[in-house]
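Student: I have a structure I would like to understand better, so I am pasting it below and will then ask my questions one at a time.
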4 protein chains.
Amino acid sequence: MPYEFRATRRVEFSDTDMAGIMHYSNFFRFMETAEHGFYRSLGFSVVMPETDPRLGWPRVHAECDYKRPLRFEDLVEVQLLVKERRTKSISYLFRFWKLNEDPKVEVARGLLTIVCVAHNPDGKMNSVPIPQEIAEKIEVAPGNLFD
Amino acid sequence: MPYEFRATRRVEFSDTDMAGIMHYSNFFRFMETAEHGFYRSLGFSVVMPETDPRLGWPRVHAECDYKRPLRFEDLVEVQLLVKERRTKSISYLFRFWKLNEDPKVEVARGLLTIVCVAHNPDGKMNSVPIPQEIAEKIEVAPGNLFD
Amino acid sequence: MPYEFRATRRVEFSDTDMAGIMHYSNFFRFMETAEHGFYRSLGFSVVMPETDPRLGWPRVHAECDYKRPLRFEDLVEVQLLVKERRTKSISYLFRFWKLNEDPKVEVARGLLTIVCVAHNPDGKMNSVPIPQEIAEKIEVAPGNLFD
Amino acid sequence: MPYEFRATRRVEFSDTDMAGIMHYSNFFRFMETAEHGFYRSLGFSVVMPETDPRLGWPRVHAECDYKRPLRFEDLVEVQLLVKERRTKSISYLFRFWKLNEDPKVEVARGLLTIVCVAHNPDGKMNSVPIPQEIAEKIEVAPGNLFD
């Protein structure tokens, strides 16, 4: 399904902070893990050294709503859903599911908007349309998956 | 001024990623640096082991808009502004200023909403009013500082 | 085999630095992933809240020799080998294997010495013998595995 | 003094782990902070995009001995001392001093060996002599500073 991807991670000791829970900044690292796994599942990598000019995918917006804490050794499913696809950018919604509860429970919800850019020889970058062969593989998820 | 705080940080090698810029998750670590510095400037610490029940300040919402990248050795000012103060929660707005450009330029803008909670003996936590002696030290920043 | 454990990790974007390779500090995070996986494979967790006094496993020594870089999306096997077991401490040797080369190649070798401590009510900690039920599950790896 | 540098850091919330102390991998990030500050103090940066071929400074060995934990908001001085200087490599010794005790107390001691390499057009790198203008600025610290 080119609108969804699921990555599974175990919360590691180095992901926690002295409050005994996963540090809030690490949810953003986990989102990226799912995003890059999604690209691999589509047959390409977020790093494309062979394109000319070299393309990049910087983030322009990131956010997260935290509902419940994650703790050491919790097993987490990061569900990526394509929320919006525009000519030069994509928005992903992420649902964090704690798997070691039955039924699994949603503990956080994130959002990431990325833009496709070309790295120019002068070191600057400017936004460009997402390459056709990538854009056509990515579709918006059905609305009911967001509920 | 109990509605503002400025922390200065230099972007370190370990803050960067292979795109050659500060990894987007690290802006959230920098926000927290400013937040905790703000508390210290008010005479208390975010960690208050002596209160009973023990209080904590988990984040319920975090977001960031990225306008320009930060690079290795860039000098960054993280300006914290109190955006909203409610009985049990506070929202901070963060403006990231790259100081090694003249005039300094805003590269990102973040938002953090934190809630005051009590850690109960059973391991659970529930939201509680911000202690009076802290709440009275924190006031909402004048609107013009957000422009 | 209670003297060996293998954890597999993919190098993530947030593990890299602007040199385009995994940041050297992250090899230490990966070692810990294998160490804690080893404990889980033996039926216990490094976090044992129910013991009285509470036990901990601080590191007293850590080192790493880097032979080759790891890059984004490399698949890494972290092989833990028990190197030495004393009454109050254990030394682990870690061999990092890059799996996405054929044959797999060793890219780094690490060492970790941990000590069993008791957390006393006054907040201090002192070293104590490793509990019998854990110590008897851990044996030193045969010498040929280190070559 | 071209054989010594002191960087000061406050332990941040995101530096801690659920054991309530600075995560052991972060001592290696702090060492690098001092190393790069040392280079800046000598008038150059560890990142030298203008050299041809491009030079790099990968680590070949890193280690740390931990004597006492560092906790949130502890003020730490990371003292860099040049331990050895060879044609193509340098070894630095790091002493971590906790400043918020009187007298300041040494909490950890680290070691880093870095090699000067040239990045070749084919993506490979090979060790090269440290450029003359850098090598002549770096001298070995007097032995008594290591005691």
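Just remember, in the structure tokens the first chain shown is A, the second B, etc., residues are 1-based per chain, and ligands are 1-based in the order shown.
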At most 8 Å is the cut-off: for each residue in chain C with any atom that close to an atom of chain B, write down the nearest atom pair and the distance in Å rounded to one decimal, counting only C-alpha atoms, chain first then increasing number, as a tab-separated table.

Tutor:
residue	atom	partner	partner_atom	distance
C:Phe13	CA	B:Asp17	CA	6.8
C:Ser14	CA	B:Asp17	CA	6.2
C:Asp15	CA	B:Asp17	CA	7.4
C:Thr16	CA	B:Asp17	CA	5.1
C:Asp17	CA	B:Asp17	CA	3.9
C:Met18	CA	B:Met18	CA	4.3
C:Ala19	CA	B:Met18	CA	6.3
C:Gly20	CA	B:Met18	CA	4.3
C:Ile21	CA	B:Met18	CA	7.0
C:His23	CA	B:Ser14	CA	6.8

Student: Write a file of the just-selected residues containing N, CA and C atoms, as a compact mmCIF listing (two decimals), in the first residue's frame.

Tutor:
# COMPACT_ATOMS: atom_id res chain seq x y z
N PHE C 13 19.31 7.91 9.71
CA PHE C 13 19.74 9.25 9.32
C PHE C 13 20.23 10.03 10.55
N SER C 14 19.49 9.90 11.64
CA SER C 14 19.87 10.65 12.85
C SER C 14 21.11 10.08 13.53
N ASP C 15 21.60 8.93 13.09
CA ASP C 15 22.85 8.37 13.61
C ASP C 15 24.07 8.96 12.90
N THR C 16 23.84 9.59 11.75
CA THR C 16 24.97 10.10 10.96
C THR C 16 25.33 11.52 11.38
N ASP C 17 26.51 11.95 10.95
CA ASP C 17 26.92 13.33 11.15
C ASP C 17 27.30 13.93 9.81
N MET C 18 27.74 15.18 9.82
CA MET C 18 27.99 15.87 8.56
C MET C 18 29.17 15.28 7.78
N ALA C 19 29.94 14.37 8.39
CA ALA C 19 30.97 13.67 7.64
C ALA C 19 30.35 12.54 6.80
N GLY C 20 29.05 12.35 6.95
CA GLY C 20 28.36 11.36 6.13
C GLY C 20 28.45 9.95 6.69
N ILE C 21 28.95 9.82 7.91
CA ILE C 21 29.11 8.50 8.51
C ILE C 21 28.46 8.47 9.90
N HIS C 23 28.03 8.78 13.62
CA HIS C 23 28.82 9.51 14.61
C HIS C 23 29.43 8.52 15.60

Student: Identify, on the basis of only C-alpha atoms, every residue whose closest approach to Phe96 of chain B does not exceed 8 Å; exclude the query and any residue fewer than 6 positions from it along the same chain; express the result as a PyMOL selection string.

Tutor: chain B and resi 76-79+106-109

Student: Which residues are near Tyr39 of chain D? Cut-off 12 Å, only C-alpha atoms, ignore same chain within fewer than 3 positions. Put them as number ranges by chain.

Tutor: B: 73; D: 2-7, 32-36, 42-48, 57, 80, 82, 134-135, 137-138

Student: With N, CA and C atoms retained, export the selected residues as a tab-separated table (two decimals), in the first residue's frame.

Tutor:
chain	number	residue	atom	x	y	z
B	73	GLU	N	28.96	24.80	13.91
B	73	GLU	CA	29.60	25.97	14.49
B	73	GLU	C	28.78	27.25	14.39
D	2	PRO	N	49.03	25.97	23.48
D	2	PRO	CA	48.59	25.10	22.39
D	2	PRO	C	48.65	23.62	22.75
D	3	TYR	N	48.49	23.28	24.01
D	3	TYR	CA	48.43	21.87	24.40
D	3	TYR	C	47.23	21.60	25.31
D	4	GLU	N	46.39	22.61	25.50
D	4	GLU	CA	45.31	22.49	26.47
D	4	GLU	C	44.12	23.35	26.05
D	5	PHE	N	42.92	22.89	26.39
D	5	PHE	CA	41.73	23.69	26.15
D	5	PHE	C	40.68	23.27	27.16
D	6	ARG	N	39.88	24.22	27.59
D	6	ARG	CA	38.83	23.90	28.55
D	6	ARG	C	37.48	24.36	28.01
D	7	ALA	N	36.55	23.42	27.91
D	7	ALA	CA	35.18	23.75	27.51
D	7	ALA	C	34.28	23.51	28.70
D	32	GLU	N	34.26	15.72	22.16
D	32	GLU	CA	34.36	16.33	20.82
D	32	GLU	C	34.12	17.84	20.88
D	33	THR	N	33.22	18.24	21.78
D	33	THR	CA	32.99	19.67	21.96
D	33	THR	C	34.29	20.36	22.35
D	34	ALA	N	35.03	19.76	23.26
D	34	ALA	CA	36.30	20.35	23.68
D	34	ALA	C	37.33	20.30	22.55
D	35	GLU	N	37.36	19.20	21.83
D	35	GLU	CA	38.31	19.05	20.73
D	35	GLU	C	38.08	20.15	19.67
D	36	HIS	N	36.82	20.34	19.29
D	36	HIS	CA	36.54	21.32	18.24
D	36	HIS	C	36.75	22.74	18.74
D	42	LEU	N	42.74	27.70	18.05
D	42	LEU	CA	43.99	27.77	17.27
D	42	LEU	C	43.77	28.49	15.95
D	43	GLY	N	42.54	28.89	15.69
D	43	GLY	CA	42.27	29.65	14.48
D	43	GLY	C	41.82	28.84	13.28
D	44	PHE	N	41.46	27.59	13.48
D	44	PHE	CA	40.92	26.84	12.34
D	44	PHE	C	39.73	26.01	12.78
D	45	SER	N	39.07	25.37	11.82
D	45	SER	CA	37.90	24.56	12.11
D	45	SER	C	38.18	23.13	11.70
D	46	VAL	N	37.55	22.19	12.40
D	46	VAL	CA	37.72	20.78	12.04
D	46	VAL	C	37.14	20.52	10.65
D	47	VAL	N	36.26	21.41	10.22
D	47	VAL	CA	35.69	21.27	8.87
D	47	VAL	C	36.39	22.27	7.96
D	48	MET	N	37.10	21.73	6.98
D	48	MET	CA	37.90	22.58	6.10
D	48	MET	C	37.49	22.32	4.65
D	57	TRP	N	38.96	14.21	9.88
D	57	TRP	CA	39.62	13.81	11.13
D	57	TRP	C	38.86	12.70	11.81
D	80	LEU	N	40.84	19.43	27.81
D	80	LEU	CA	41.58	18.69	26.76
D	80	LEU	C	43.06	18.88	26.96
D	82	VAL	N	46.79	17.62	25.07
D	82	VAL	CA	47.43	16.88	23.98
D	82	VAL	C	48.35	15.83	24.59
D	134	ILE	N	48.96	23.34	10.88
D	134	ILE	CA	48.20	22.88	12.05
D	134	ILE	C	49.14	22.18	13.03
D	135	ALA	N	49.96	21.27	12.49
D	135	ALA	CA	50.86	20.48	13.34
D	135	ALA	C	51.74	21.37	14.21
D	137	LYS	N	51.13	24.11	15.51
D	137	LYS	CA	50.41	24.83	16.56
D	137	LYS	C	50.08	23.93	17.74
D	138	ILE	N	50.26	22.63	17.56
D	138	ILE	CA	49.83	21.68	18.58
D	138	ILE	C	51.05	21.05	19.23

Student: DSSP on the backbone, then: every residue of segment 9-140 of chain C marked alpha helix (DSSP H), written as an NGL selection string.

Tutor: :C and (26-41 or 132-135)

Student: Going by DSSP on the backbone, which bits of chain C are strand (DSSP E)? Write them as a PyMOL selection string, please.

Tutor: chain C and resi 4-10+54-56+59-66+75-85+89-98+105-115+117-119+125-127

Student: Quote the spacing between atom CA of Asn120 of chain A and atom CA of Thr51 of chain A in Å to one decimal place.

Tutor: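 Going from atom CA of Asn120 of chain A over to atom CA of Thr51 of chain A covers 11.8 Å.
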
Student: Which residues, written as a PyMOL selection string, have at least one atom at most 8 Å from Leu99 of chain C, with only C-alpha atoms counted and residues fewer than 4 positions away on the same chain left out?

Tutor: chain C and resi 74-77+103-105

Student: Find the spatial neighbours of Lys88 of chain C, counting only C-alpha atoms, within a cut-off of 8 Å - ignore same-chain residues fewer than 6 positions away - and output them as a PyMOL selection string.

Tutor: chain C and resi 115-116+127-130
